[in-house]
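Chemist: The following file, model.txt, comprises compact mmCIF, C-alpha atoms:
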```
# COMPACT_ATOMS: atom_id res chain seq x y z
CA MET W 1 -17.48 -11.17 -18.95
CA LYS W 2 -19.58 -14.32 -18.86
CA ILE W 3 -21.91 -14.26 -15.87
CA GLY W 4 -23.87 -17.39 -14.96
CA ILE W 5 -26.91 -16.91 -12.71
CA VAL W 6 -27.92 -20.01 -10.77
CA GLY W 7 -31.62 -19.61 -10.00
CA GLY W 8 -31.81 -16.92 -12.66
CA THR W 9 -35.58 -17.05 -13.09
CA GLY W 10 -36.38 -15.59 -9.66
CA ASN W 11 -37.00 -11.87 -9.23
CA ILE W 12 -33.44 -11.02 -8.26
CA GLY W 13 -31.93 -13.24 -10.95
CA GLU W 14 -34.13 -11.68 -13.65
CA GLY W 15 -33.34 -8.23 -12.32
CA LEU W 16 -29.60 -8.91 -12.40
CA ALA W 17 -29.92 -10.19 -15.97
CA LEU W 18 -31.87 -7.07 -16.97
CA ARG W 19 -29.28 -4.74 -15.45
CA LEU W 20 -26.12 -6.56 -16.58
CA SER W 21 -26.89 -8.11 -19.99
CA ASN W 22 -26.18 -4.94 -21.96
CA LYS W 23 -22.50 -5.23 -21.08
CA HIS W 24 -21.98 -8.89 -20.28
CA GLU W 25 -22.91 -12.31 -21.60
CA ILE W 26 -25.52 -13.62 -19.19
CA ILE W 27 -26.28 -17.33 -18.80
CA ILE W 28 -29.55 -17.71 -16.90
CA GLY W 29 -29.68 -21.08 -15.17
CA SER W 30 -32.74 -22.88 -13.86
CA ARG W 31 -33.67 -26.35 -12.64
CA THR W 32 -35.96 -26.37 -15.68
CA PRO W 33 -34.10 -24.83 -18.63
CA GLU W 34 -37.43 -24.20 -20.43
CA LYS W 35 -38.30 -21.78 -17.65
CA ALA W 36 -34.94 -20.06 -18.14
CA CYS W 37 -35.72 -19.64 -21.86
CA GLU W 38 -39.12 -18.09 -21.06
CA SER W 39 -37.47 -15.72 -18.58
CA ILE W 40 -34.98 -14.70 -21.24
CA GLU W 41 -37.67 -13.91 -23.77
CA ASN W 42 -39.14 -11.52 -21.23
CA THR W 43 -35.73 -9.93 -20.46
CA VAL W 44 -34.85 -9.50 -24.13
CA ARG W 45 -38.26 -8.00 -24.91
CA LEU W 46 -38.05 -5.50 -22.02
CA LEU W 47 -34.59 -4.38 -23.10
CA GLU W 48 -35.47 -4.22 -26.82
CA GLU W 49 -38.41 -1.96 -25.97
CA ARG W 50 -35.80 0.44 -24.60
CA GLY W 51 -33.51 -0.03 -27.59
CA ILE W 52 -30.92 -1.85 -25.49
CA SER W 53 -29.17 -4.79 -27.10
CA CYS W 54 -28.26 -7.67 -24.83
CA SER W 55 -26.64 -11.04 -24.67
CA CYS W 56 -28.62 -13.54 -22.70
CA ILE W 57 -29.18 -17.30 -22.95
CA GLY W 58 -31.20 -19.82 -20.95
CA SER W 59 -29.67 -23.00 -19.60
CA SER W 60 -29.50 -25.45 -16.72
CA ASN W 61 -27.99 -24.33 -13.41
CA GLN W 62 -24.96 -26.57 -14.10
CA GLU W 63 -24.40 -24.91 -17.46
CA ALA W 64 -24.63 -21.47 -15.80
CA VAL W 65 -21.78 -22.58 -13.49
CA ASP W 66 -19.75 -24.16 -16.30
CA ARG W 67 -19.97 -21.20 -18.69
CA GLY W 68 -19.73 -18.31 -16.21
CA ASP W 69 -16.47 -16.63 -15.25
CA ILE W 70 -18.59 -15.21 -12.46
CA VAL W 71 -21.43 -17.29 -10.97
CA ILE W 72 -24.22 -15.60 -9.02
CA ILE W 73 -26.14 -17.86 -6.62
CA SER W 74 -29.56 -16.24 -6.77
CA VAL W 75 -31.82 -18.59 -4.81
CA PRO W 76 -33.89 -18.12 -1.63
CA TYR W 77 -31.97 -19.35 1.41
CA LYS W 78 -34.23 -22.38 1.90
CA HIS W 79 -33.28 -23.62 -1.59
CA LEU W 80 -29.55 -22.96 -1.16
CA LEU W 81 -28.36 -26.41 -0.10
CA PRO W 82 -30.69 -28.42 -2.41
CA THR W 83 -29.59 -26.21 -5.32
CA LEU W 84 -25.84 -26.25 -4.64
CA THR W 85 -25.40 -29.90 -3.63
CA PRO W 86 -25.83 -31.45 -7.11
CA LEU W 87 -23.71 -28.78 -8.84
CA SER W 88 -19.97 -29.02 -9.52
CA GLY W 89 -17.26 -27.14 -11.39
CA PHE W 90 -16.90 -24.11 -9.09
CA GLU W 91 -13.09 -24.42 -9.04
CA ASN W 92 -11.41 -21.03 -9.61
CA LYS W 93 -14.73 -19.29 -10.25
CA THR W 94 -15.77 -16.03 -8.62
CA VAL W 95 -19.02 -16.88 -6.83
CA ILE W 96 -21.35 -14.06 -5.77
CA THR W 97 -23.88 -14.67 -3.00
CA PRO W 98 -26.77 -12.24 -2.45
CA VAL W 99 -28.46 -14.90 -0.26
CA ASN W 100 -29.98 -13.86 3.08
CA PRO W 101 -30.92 -16.45 5.71
CA MET W 102 -34.14 -15.27 7.29
CA THR W 103 -37.46 -16.52 8.52
CA LYS W 104 -40.82 -14.85 8.88
CA LYS W 105 -42.65 -15.11 12.17
CA ASP W 106 -44.62 -12.06 13.30
CA PHE W 107 -41.73 -10.16 11.75
CA PHE W 108 -38.73 -10.95 9.55
CA SER W 109 -35.95 -12.48 11.62
CA HIS W 110 -32.27 -12.98 10.78
CA ASP W 111 -31.75 -16.73 11.05
CA PRO W 112 -28.17 -17.60 10.11
CA PRO W 113 -26.79 -21.16 9.94
CA LYS W 114 -24.15 -22.36 12.41
CA GLU W 115 -21.43 -21.21 9.97
CA GLY W 116 -22.54 -17.63 10.76
CA SER W 117 -23.93 -16.65 7.37
CA ALA W 118 -25.14 -18.01 4.04
CA ALA W 119 -21.81 -16.79 2.63
CA MET W 120 -19.77 -18.84 5.13
CA LEU W 121 -22.04 -21.86 4.52
CA ILE W 122 -21.33 -21.57 0.78
CA ARG W 123 -17.63 -21.20 1.66
CA SER W 124 -17.79 -24.48 3.59
CA ILE W 125 -19.41 -26.37 0.69
CA LEU W 126 -17.58 -25.11 -2.40
CA PRO W 127 -13.95 -25.95 -3.26
CA GLY W 128 -11.29 -23.87 -1.49
CA ASN W 129 -10.14 -22.21 -4.70
CA ALA W 130 -13.61 -20.80 -5.46
CA CYS W 131 -13.60 -17.09 -4.55
CA ILE W 132 -16.75 -16.35 -2.56
CA VAL W 133 -17.99 -12.75 -2.56
CA ALA W 134 -21.11 -11.47 -0.76
CA ALA W 135 -22.79 -8.64 -2.70
CA PHE W 136 -26.20 -7.34 -3.78
CA ASN W 137 -27.72 -8.60 -0.49
CA ASN W 138 -29.78 -5.55 0.47
CA ILE W 139 -31.60 -4.51 -2.70
CA SER W 140 -35.32 -5.12 -3.01
CA ALA W 141 -36.25 -7.78 -5.57
CA GLN W 142 -39.04 -5.56 -6.89
CA LYS W 143 -36.64 -2.69 -7.59
CA TRP W 144 -34.23 -4.96 -9.45
CA LYS W 145 -36.89 -5.95 -11.94
CA ASN W 146 -38.33 -2.52 -12.65
CA LEU W 147 -35.92 -0.77 -15.02
CA ASP W 148 -37.70 2.53 -14.37
CA GLU W 149 -36.48 2.34 -10.77
CA GLU W 150 -33.09 3.90 -10.08
CA LEU W 151 -31.07 1.80 -7.67
CA ASP W 152 -29.71 4.70 -5.64
CA TYR W 153 -28.21 2.45 -2.98
CA SER W 154 -24.98 1.30 -1.39
CA VAL W 155 -23.76 -2.27 -1.81
CA ALA W 156 -21.52 -3.79 0.87
CA VAL W 157 -19.07 -6.22 -0.74
CA CYS W 158 -17.35 -8.81 1.49
CA SER W 159 -14.69 -11.36 0.52
CA ASP W 160 -11.44 -12.88 1.66
CA ASP W 161 -10.13 -12.67 -1.91
CA GLU W 162 -9.11 -9.08 -2.68
CA GLU W 163 -8.84 -9.64 -6.43
CA ALA W 164 -12.33 -11.16 -6.72
CA LYS W 165 -13.68 -8.40 -4.48
CA LYS W 166 -12.33 -5.74 -6.87
CA VAL W 167 -13.92 -7.47 -9.88
CA VAL W 168 -17.30 -7.62 -8.12
CA MET W 169 -17.05 -4.00 -6.90
CA ASN W 170 -16.45 -2.92 -10.50
CA LEU W 171 -19.47 -4.97 -11.59
CA VAL W 172 -21.63 -3.26 -8.93
CA ASN W 173 -20.42 0.18 -10.01
CA GLU W 174 -21.34 -0.53 -13.65
CA ILE W 175 -25.02 -0.47 -12.66
CA PRO W 176 -26.18 3.18 -12.71
CA LYS W 177 -26.43 4.78 -9.23
CA LEU W 178 -25.36 1.63 -7.33
CA LYS W 179 -22.20 2.22 -5.31
CA ALA W 180 -19.96 -0.57 -4.06
CA PHE W 181 -18.21 -0.37 -0.68
CA ASN W 182 -15.43 -2.68 0.44
CA ALA W 183 -16.94 -4.10 3.64
CA GLY W 184 -13.99 -6.29 4.57
CA PRO W 185 -13.65 -10.06 4.88
CA LEU W 186 -16.34 -12.67 4.19
CA GLU W 187 -17.01 -12.95 7.93
CA MET W 188 -18.75 -9.55 7.75
CA ALA W 189 -21.37 -10.99 5.38
CA SER W 190 -23.22 -12.13 8.49
CA VAL W 191 -24.07 -8.49 9.33
CA VAL W 192 -24.81 -7.60 5.70
CA GLU W 193 -27.22 -10.54 5.35
CA GLY W 194 -28.97 -9.50 8.59
CA ILE W 195 -29.67 -6.04 7.18
CA THR W 196 -32.24 -7.48 4.74
CA PRO W 197 -34.75 -8.69 7.36
CA LEU W 198 -34.16 -5.37 9.17
CA LEU W 199 -35.08 -3.45 5.98
CA LEU W 200 -38.16 -5.64 5.44
CA ASN W 201 -39.30 -4.90 9.01
CA ILE W 202 -38.62 -1.18 8.58
CA ALA W 203 -40.71 -1.20 5.39
CA ARG W 204 -43.53 -2.96 7.18
CA TYR W 205 -43.58 -0.97 10.42
CA ASN W 206 -43.12 2.44 8.77
CA LYS W 207 -45.49 1.85 5.85
CA MET W 208 -42.73 2.10 3.26
CA ARG W 209 -41.97 0.03 0.16
CA ASP W 210 -38.76 -1.53 -1.08
CA VAL W 211 -36.46 0.03 1.53
CA GLY W 212 -32.72 0.02 0.82
CA ILE W 213 -29.62 1.36 2.48
CA GLN W 214 -27.00 4.02 1.87
CA PHE W 215 -23.67 4.36 3.67
CA LYS W 216 -22.66 8.00 3.96
CA MET M 217 -38.33 15.23 30.21
CA LYS M 218 -35.57 14.24 32.59
CA ILE M 219 -32.92 12.19 30.80
CA GLY M 220 -30.20 10.46 32.83
CA ILE M 221 -27.09 9.40 30.94
CA VAL M 222 -25.14 6.57 32.59
CA GLY M 223 -21.56 6.89 31.35
CA GLY M 224 -22.34 10.42 30.26
CA THR M 225 -18.74 11.59 30.10
CA GLY M 226 -17.83 9.44 27.07
CA ASN M 227 -17.98 10.83 23.55
CA ILE M 228 -21.49 9.57 22.81
CA GLY M 229 -22.81 10.60 26.23
CA GLU M 230 -21.40 14.11 25.86
CA GLY M 231 -22.76 14.31 22.32
CA LEU M 232 -26.23 13.26 23.47
CA ALA M 233 -26.12 15.86 26.25
CA LEU M 234 -25.07 18.54 23.75
CA ARG M 235 -27.88 17.68 21.35
CA LEU M 236 -30.67 17.15 23.90
CA SER M 237 -30.04 19.60 26.74
CA ASN M 238 -31.72 22.55 25.03
CA LYS M 239 -35.08 20.81 25.35
CA HIS M 240 -34.67 18.41 28.25
CA GLU M 241 -33.16 18.26 31.71
CA ILE M 242 -30.04 16.17 31.35
CA ILE M 243 -28.40 14.36 34.28
CA ILE M 244 -24.92 13.26 33.27
CA GLY M 245 -23.80 10.29 35.35
CA SER M 246 -20.28 9.05 35.88
CA ARG M 247 -18.46 6.65 38.21
CA THR M 248 -16.63 9.81 39.36
CA PRO M 249 -19.18 12.63 39.67
CA GLU M 250 -16.34 15.21 39.54
CA LYS M 251 -15.69 14.06 35.99
CA ALA M 252 -19.37 14.51 35.19
CA CYS M 253 -19.21 18.09 36.46
CA GLU M 254 -16.16 18.84 34.29
CA SER M 255 -17.95 17.35 31.28
CA ILE M 256 -20.95 19.57 31.98
CA GLU M 257 -18.85 22.72 32.13
CA ASN M 258 -17.63 21.91 28.65
CA THR M 259 -21.15 21.18 27.36
CA VAL M 260 -22.62 24.36 28.84
CA ARG M 261 -19.76 26.46 27.44
CA LEU M 262 -20.13 24.99 23.93
CA LEU M 263 -23.88 25.66 23.95
CA GLU M 264 -23.57 29.16 25.45
CA GLU M 265 -21.10 30.07 22.67
CA ARG M 266 -23.98 29.35 20.31
CA GLY M 267 -26.49 31.25 22.42
CA ILE M 268 -28.30 28.03 23.37
CA SER M 269 -29.57 27.75 26.93
CA CYS M 270 -29.49 24.29 28.46
CA SER M 271 -30.29 22.30 31.55
CA CYS M 272 -27.54 19.92 32.51
CA ILE M 273 -26.19 18.62 35.83
CA GLY M 274 -23.41 16.22 36.81
CA SER M 275 -23.99 13.29 39.15
CA SER M 276 -23.21 9.68 39.93
CA ASN M 277 -24.47 6.96 37.58
CA GLN M 278 -26.98 5.90 40.27
CA GLU M 279 -28.37 9.42 40.50
CA ALA M 280 -28.68 9.55 36.69
CA VAL M 281 -30.87 6.42 36.94
CA ASP M 282 -32.86 7.71 39.91
CA ARG M 283 -33.62 11.13 38.46
CA GLY M 284 -34.18 10.21 34.80
CA ASP M 285 -37.58 9.38 33.31
CA ILE M 286 -35.45 8.06 30.47
CA VAL M 287 -32.05 6.49 31.18
CA ILE M 288 -29.47 6.16 28.41
CA ILE M 289 -26.79 3.51 28.98
CA SER M 290 -23.86 5.10 27.17
CA VAL M 291 -20.90 2.88 27.99
CA PRO M 292 -18.57 0.79 25.80
CA TYR M 293 -19.74 -2.83 25.66
CA LYS M 294 -16.83 -4.09 27.76
CA HIS M 295 -17.92 -1.83 30.63
CA LEU M 296 -21.61 -2.73 30.34
CA LEU M 297 -21.84 -5.45 33.00
CA PRO M 298 -19.48 -3.80 35.53
CA THR M 299 -21.43 -0.54 35.17
CA LEU M 300 -24.94 -1.99 35.38
CA THR M 301 -24.41 -4.57 38.12
CA PRO M 302 -24.13 -2.15 41.07
CA LEU M 303 -27.00 0.07 39.84
CA SER M 304 -30.64 -0.29 40.88
CA GLY M 305 -33.94 1.54 40.48
CA PHE M 306 -34.65 0.81 36.82
CA GLU M 307 -38.25 -0.20 37.57
CA ASN M 308 -40.71 1.41 35.12
CA LYS M 309 -37.97 3.47 33.47
CA THR M 310 -37.47 3.72 29.73
CA VAL M 311 -33.90 2.54 29.18
CA ILE M 312 -32.14 3.38 25.89
CA THR M 313 -29.17 1.28 24.78
CA PRO M 314 -26.87 2.51 22.02
CA VAL M 315 -24.33 -0.19 23.07
CA ASN M 316 -22.65 -2.29 20.36
CA PRO M 317 -20.81 -5.51 21.24
CA MET M 318 -17.75 -5.65 19.02
CA THR M 319 -14.10 -6.56 19.07
CA LYS M 320 -11.19 -5.38 16.99
CA LYS M 321 -8.94 -7.95 15.40
CA ASP M 322 -7.53 -7.14 11.96
CA PHE M 323 -10.94 -5.59 11.45
CA PHE M 324 -13.97 -4.69 13.58
CA SER M 325 -16.04 -7.77 14.29
CA HIS M 326 -19.60 -8.09 15.62
CA ASP M 327 -19.23 -10.11 18.82
CA PRO M 328 -22.62 -10.47 20.51
CA PRO M 329 -23.18 -12.20 23.88
CA LYS M 330 -25.13 -15.47 24.09
CA GLU M 331 -28.34 -13.46 24.61
CA GLY M 332 -27.97 -12.30 20.97
CA SER M 333 -27.31 -8.61 21.56
CA ALA M 334 -26.28 -6.06 24.17
CA ALA M 335 -29.95 -5.04 24.22
CA MET M 336 -31.12 -8.56 25.08
CA LEU M 337 -28.34 -8.86 27.69
CA ILE M 338 -29.60 -5.64 29.32
CA ARG M 339 -33.14 -7.05 29.07
CA SER M 340 -32.00 -10.16 30.98
CA ILE M 341 -30.40 -8.10 33.80
CA LEU M 342 -32.87 -5.28 34.42
CA PRO M 343 -36.30 -5.72 36.05
CA GLY M 344 -39.08 -6.93 33.74
CA ASN M 345 -41.02 -3.66 33.98
CA ALA M 346 -38.08 -1.60 32.67
CA CYS M 347 -38.77 -0.75 29.00
CA ILE M 348 -35.63 -1.45 26.98
CA VAL M 349 -35.23 0.42 23.69
CA ALA M 350 -32.26 0.11 21.31
CA ALA M 351 -31.54 3.41 19.54
CA PHE M 352 -28.68 5.70 18.46
CA ASN M 353 -26.48 2.63 17.79
CA ASN M 354 -25.06 3.57 14.40
CA ILE M 355 -23.96 7.20 14.75
CA SER M 356 -20.27 8.05 14.93
CA ALA M 357 -19.14 9.31 18.33
CA GLN M 358 -17.11 12.05 16.65
CA LYS M 359 -20.17 13.38 14.82
CA TRP M 360 -22.24 13.46 18.00
CA LYS M 361 -19.77 15.77 19.68
CA ASN M 362 -19.26 18.24 16.86
CA LEU M 363 -22.29 20.54 16.78
CA ASP M 364 -21.23 21.83 13.36
CA GLU M 365 -21.88 18.35 11.97
CA GLU M 366 -25.40 17.68 10.75
CA LEU M 367 -26.55 14.21 11.73
CA ASP M 368 -28.24 13.42 8.41
CA TYR M 369 -28.83 9.79 9.31
CA SER M 370 -31.46 7.17 9.98
CA VAL M 371 -31.90 5.68 13.45
CA ALA M 372 -33.36 2.19 13.81
CA VAL M 373 -35.40 1.95 17.02
CA CYS M 374 -36.19 -1.51 18.44
CA SER M 375 -38.31 -2.38 21.46
CA ASP M 376 -40.95 -4.79 22.68
CA ASP M 377 -42.75 -1.87 24.36
CA GLU M 378 -44.64 0.15 21.75
CA GLU M 379 -45.28 3.11 24.05
CA ALA M 380 -41.62 3.47 25.06
CA LYS M 381 -40.63 3.04 21.42
CA LYS M 382 -42.83 5.98 20.41
CA VAL M 383 -41.32 8.19 23.14
CA VAL M 384 -37.80 7.36 21.97
CA MET M 385 -38.67 7.84 18.28
CA ASN M 386 -39.99 11.30 19.14
CA LEU M 387 -36.76 12.03 21.03
CA VAL M 388 -34.70 10.96 17.99
CA ASN M 389 -36.77 13.14 15.68
CA GLU M 390 -36.23 16.19 17.90
CA ILE M 391 -32.55 16.19 16.88
CA PRO M 392 -32.27 18.09 13.58
CA LYS M 393 -31.91 15.84 10.51
CA LEU M 394 -31.97 12.56 12.49
CA LYS M 395 -34.88 10.36 11.42
CA ALA M 396 -36.26 7.53 13.57
CA PHE M 397 -37.52 4.29 12.01
CA ASN M 398 -39.55 1.67 13.87
CA ALA M 399 -37.33 -1.39 13.37
CA GLY M 400 -39.56 -3.84 15.22
CA PRO M 401 -39.02 -5.83 18.40
CA LEU M 402 -35.93 -5.77 20.63
CA GLU M 403 -34.72 -9.01 19.01
CA MET M 404 -33.83 -6.96 15.90
CA ALA M 405 -31.28 -4.96 17.93
CA SER M 406 -28.83 -7.76 17.19
CA VAL M 407 -28.71 -6.70 13.52
CA VAL M 408 -28.68 -2.98 14.38
CA GLU M 409 -25.74 -3.43 16.77
CA GLY M 410 -23.86 -5.41 14.09
CA ILE M 411 -24.13 -2.50 11.65
CA THR M 412 -21.67 -0.44 13.72
CA PRO M 413 -18.62 -2.68 13.20
CA LEU M 414 -19.69 -2.92 9.53
CA LEU M 415 -19.65 0.90 9.25
CA LEU M 416 -16.26 1.09 11.00
CA ASN M 417 -14.85 -1.43 8.50
CA ILE M 418 -16.39 0.44 5.56
CA ALA M 419 -14.81 3.66 6.82
CA ARG M 420 -11.44 1.97 7.11
CA TYR M 421 -11.43 0.03 3.83
CA ASN M 422 -12.86 2.88 1.73
CA LYS M 423 -10.83 5.69 3.31
CA MET M 424 -13.91 7.44 4.68
CA ARG M 425 -14.62 9.04 8.05
CA ASP M 426 -17.53 8.72 10.44
CA VAL M 427 -19.72 6.63 8.16
CA GLY M 428 -23.44 6.39 9.00
CA ILE M 429 -26.53 4.94 7.34
CA GLN M 430 -29.74 6.04 5.75
CA PHE M 431 -32.74 3.85 5.07
CA LYS M 432 -34.53 4.95 1.90
```
Could you express the structure from this file as structure tokens?

Modeler:
Amino acid sequence: MKIGIVGGTGNIGEGLALRLSNKHEIIIGSRTPEKACESIENTVRLLEERGISCSCIGSSNQEAVDRGDIVIISVPYKHLLPTLTPLSGFENKTVITPVNPMTKKDFFSHDPPKEGSAAMLIRSILPGNACIVAAFNNISAQKWKNLDEELDYSVAVCSDDEEAKKVVMNLVNEIPKLKAFNAGPLEMASVVEGITPLLLNIARYNKMRDVGIQFK
Amino acid sequence: MKIGIVGGTGNIGEGLALRLSNKHEIIIGSRTPEKACESIENTVRLLEERGISCSCIGSSNQEAVDRGDIVIISVPYKHLLPTLTPLSGFENKTVITPVNPMTKKDFFSHDPPKEGSAAMLIRSILPGNACIVAAFNNISAQKWKNLDEELDYSVAVCSDDEEAKKVVMNLVNEIPKLKAFNAGPLEMASVVEGITPLLLNIARYNKMRDVGIQFK
């Protein structure tokens, strides 16, 4: 599949590219395409060192949307609206959101918009025939990027489109050790997004690093 | 310690009594104390069959509050206000809430009150010197009651009172396999409470039973 990553030069975007580009054609998008090309050089080098061939190109965010069958919106919550507003062409695309609305005060706090979640905010902005799927919300950015780290975690996948949800669950399950769980409709993304500040607080208060979650 | 369980005849209350009464004096409260006594007979019998001695008595909800150093509010969310309103004497008590505000439509939905969580609602009702601690929110009622089931789960513990939080974390860790995590201030209980409807949906949509969580 062709997977476009909007905001692909951030930690999670680079990590997704590293973990998916051996099987899929990845289009890393950035506001500054030169930065995307630099990020790619790094990704290709890391994979070549391990003898893994990959397909990965750098582009603008708009090109990542245009060329992807699946588009992953991998930007911090505060950049979500400024990033999405100028983009178009999401019609009939499967759009994955790992975005978590949170703020840091003395601790990390879940701070959702009035729509209830970043996922529902994206739903309200993009065309009705775009299939929005929340996934990959609760995995530490640091773990994504370190290929020596096994991602032995559960991934809650929420969507109102059952077909798109299946495609994304299969994508999750292609990454070694990650296990996708159908977590119901997009409305449930509000809870899933809230888990990330909870995990960050748990890491902080219990002197742990890169805490994730397993359903069992 | 003396642990009073308000609503102690429900599944979670009975499960807590079963798992804690070998080390602590448990006062099971109920609106109808006769029901509490019946519940106790069952608990004592189940433990005696395993050669475990226990300390457990049945009482009214008010007596469970009065006699407990720790009071666990183990009622379904819809019974929370009617149960708490007539009770008094919470001053300087450590009050544990495993209560999760949720509704069932086509799926289980997190449905918090305007205070943000059941924990913050309890905070707003009880006297300021009661120490409110959210804990035990995400463990299946069925698993609590079946002593053959190992509770190999994580328990997020939230409170604004660090001393009370430590006491409750120690209590959690006394139950074999359960592991307490400091999850920060009481405000974070909103996320922890939301995880329960998420787990119920995951169980339903993935054909699983009694799903719990681990932080790792």

Chemist: Within 9 Å of chain M, which residues of chain W show up? Give each one with its shortest atom-to-atom distance in Å (one decimal) and the two atoms involved, counting all atoms listed in the file, rows by chain then rising residue number, as JSON lines.

Modeler:
```
{"residue": "W:Phe107", "atom": "CA", "partner": "M:Gly400", "partner_atom": "CA", "distance": 7.5}
{"residue": "W:Phe108", "atom": "CA", "partner": "M:Met404", "partner_atom": "CA", "distance": 9.0}
{"residue": "W:Ser109", "atom": "CA", "partner": "M:Met404", "partner_atom": "CA", "distance": 7.3}
{"residue": "W:His110", "atom": "CA", "partner": "M:Val407", "partner_atom": "CA", "distance": 7.7}
{"residue": "W:Asp152", "atom": "CA", "partner": "M:Lys432", "partner_atom": "CA", "distance": 9.0}
{"residue": "W:Tyr153", "atom": "CA", "partner": "M:Lys432", "partner_atom": "CA", "distance": 8.4}
{"residue": "W:Ala156", "atom": "CA", "partner": "M:Ile418", "partner_atom": "CA", "distance": 8.1}
{"residue": "W:Phe181", "atom": "CA", "partner": "M:Ile418", "partner_atom": "CA", "distance": 6.6}
{"residue": "W:Asn182", "atom": "CA", "partner": "M:Tyr421", "partner_atom": "CA", "distance": 5.9}
{"residue": "W:Ala183", "atom": "CA", "partner": "M:Ile418", "partner_atom": "CA", "distance": 5.0}
{"residue": "W:Gly184", "atom": "CA", "partner": "M:Asn417", "partner_atom": "CA", "distance": 6.3}
{"residue": "W:Pro185", "atom": "CA", "partner": "M:Phe323", "partner_atom": "CA", "distance": 8.4}
{"residue": "W:Glu187", "atom": "CA", "partner": "M:Ser325", "partner_atom": "CA", "distance": 8.3}
{"residue": "W:Met188", "atom": "CA", "partner": "M:Leu414", "partner_atom": "CA", "distance": 6.9}
{"residue": "W:Ser190", "atom": "CA", "partner": "M:Gly410", "partner_atom": "CA", "distance": 8.8}
{"residue": "W:Val191", "atom": "CA", "partner": "M:Gly410", "partner_atom": "CA", "distance": 5.7}
{"residue": "W:Val192", "atom": "CA", "partner": "M:Ile411", "partner_atom": "CA", "distance": 7.9}
{"residue": "W:Gly194", "atom": "CA", "partner": "M:Val407", "partner_atom": "CA", "distance": 5.7}
{"residue": "W:Ile195", "atom": "CA", "partner": "M:Val407", "partner_atom": "CA", "distance": 6.4}
{"residue": "W:Pro197", "atom": "CA", "partner": "M:Met404", "partner_atom": "CA", "distance": 8.8}
{"residue": "W:Leu198", "atom": "CA", "partner": "M:Ala399", "partner_atom": "CA", "distance": 6.6}
{"residue": "W:Leu199", "atom": "CA", "partner": "M:Phe431", "partner_atom": "CA", "distance": 7.7}
{"residue": "W:Asn201", "atom": "CA", "partner": "M:Ala399", "partner_atom": "CA", "distance": 5.9}
{"residue": "W:Ile202", "atom": "CA", "partner": "M:Ala399", "partner_atom": "CA", "distance": 5.0}
{"residue": "W:Ala203", "atom": "CA", "partner": "M:Ala399", "partner_atom": "CA", "distance": 8.7}
{"residue": "W:Arg204", "atom": "CA", "partner": "M:Ala399", "partner_atom": "CA", "distance": 8.9}
{"residue": "W:Tyr205", "atom": "CA", "partner": "M:Asn398", "partner_atom": "CA", "distance": 5.9}
{"residue": "W:Asn206", "atom": "CA", "partner": "M:Asn398", "partner_atom": "CA", "distance": 6.3}
{"residue": "W:Met208", "atom": "CA", "partner": "M:Lys432", "partner_atom": "CA", "distance": 8.8}
{"residue": "W:Asp210", "atom": "CA", "partner": "M:Lys432", "partner_atom": "CA", "distance": 8.3}
{"residue": "W:Val211", "atom": "CA", "partner": "M:Lys432", "partner_atom": "CA", "distance": 5.3}
{"residue": "W:Gly212", "atom": "CA", "partner": "M:Lys432", "partner_atom": "CA", "distance": 5.4}
{"residue": "W:Ile213", "atom": "CA", "partner": "M:Phe431", "partner_atom": "CA", "distance": 4.8}
{"residue": "W:Gln214", "atom": "CA", "partner": "M:Gln430", "partner_atom": "CA", "distance": 5.2}
{"residue": "W:Phe215", "atom": "CA", "partner": "M:Ile429", "partner_atom": "CA", "distance": 4.7}
{"residue": "W:Lys216", "atom": "CA", "partner": "M:Val427", "partner_atom": "CA", "distance": 5.3}
```

Chemist: If you count only C-alpha atoms, which residues fall within 12 Å of W:Ser124, apart from same-chain ones fewer than 3 positions away, as a PDB file with C-alpha atoms, keeping the file's coordinate frame?

Modeler:
```pdb
ATOM      1  CA  LEU W  81     -28.360 -26.410  -0.100  1.00  0.00           C
ATOM      2  CA  LEU W  84     -25.840 -26.250  -4.640  1.00  0.00           C
ATOM      3  CA  THR W  85     -25.400 -29.900  -3.630  1.00  0.00           C
ATOM      4  CA  PRO W 113     -26.790 -21.160   9.940  1.00  0.00           C
ATOM      5  CA  LYS W 114     -24.150 -22.360  12.410  1.00  0.00           C
ATOM      6  CA  GLU W 115     -21.430 -21.210   9.970  1.00  0.00           C
ATOM      7  CA  GLY W 116     -22.540 -17.630  10.760  1.00  0.00           C
ATOM      8  CA  SER W 117     -23.930 -16.650   7.370  1.00  0.00           C
ATOM      9  CA  ALA W 118     -25.140 -18.010   4.040  1.00  0.00           C
ATOM     10  CA  ALA W 119     -21.810 -16.790   2.630  1.00  0.00           C
ATOM     11  CA  MET W 120     -19.770 -18.840   5.130  1.00  0.00           C
ATOM     12  CA  LEU W 121     -22.040 -21.860   4.520  1.00  0.00           C
ATOM     13  CA  PRO W 127     -13.950 -25.950  -3.260  1.00  0.00           C
ATOM     14  CA  GLY W 128     -11.290 -23.870  -1.490  1.00  0.00           C
ATOM     15  CA  ASN W 129     -10.140 -22.210  -4.700  1.00  0.00           C
ATOM     16  CA  ALA W 130     -13.610 -20.800  -5.460  1.00  0.00           C
ATOM     17  CA  CYS W 131     -13.600 -17.090  -4.550  1.00  0.00           C
ATOM     18  CA  ILE W 132     -16.750 -16.350  -2.560  1.00  0.00           C
ATOM     19  CA  LEU W 186     -16.340 -12.670   4.190  1.00  0.00           C
TER      20      LEU W 186
END
```

Chemist: If we count all atoms listed in the file, what is near M:Pro292 at a cut-off of 10 Å, once residues fewer than 3 positions away on the same chain are taken out, given as a list in words?

Modeler: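 Within the cut-off, the hits are Gly223, Gly226, Ile228, Ile289, His295, Leu296, Thr299, Pro314, Val315, Asn316, Pro317 and Met318 of chain M.
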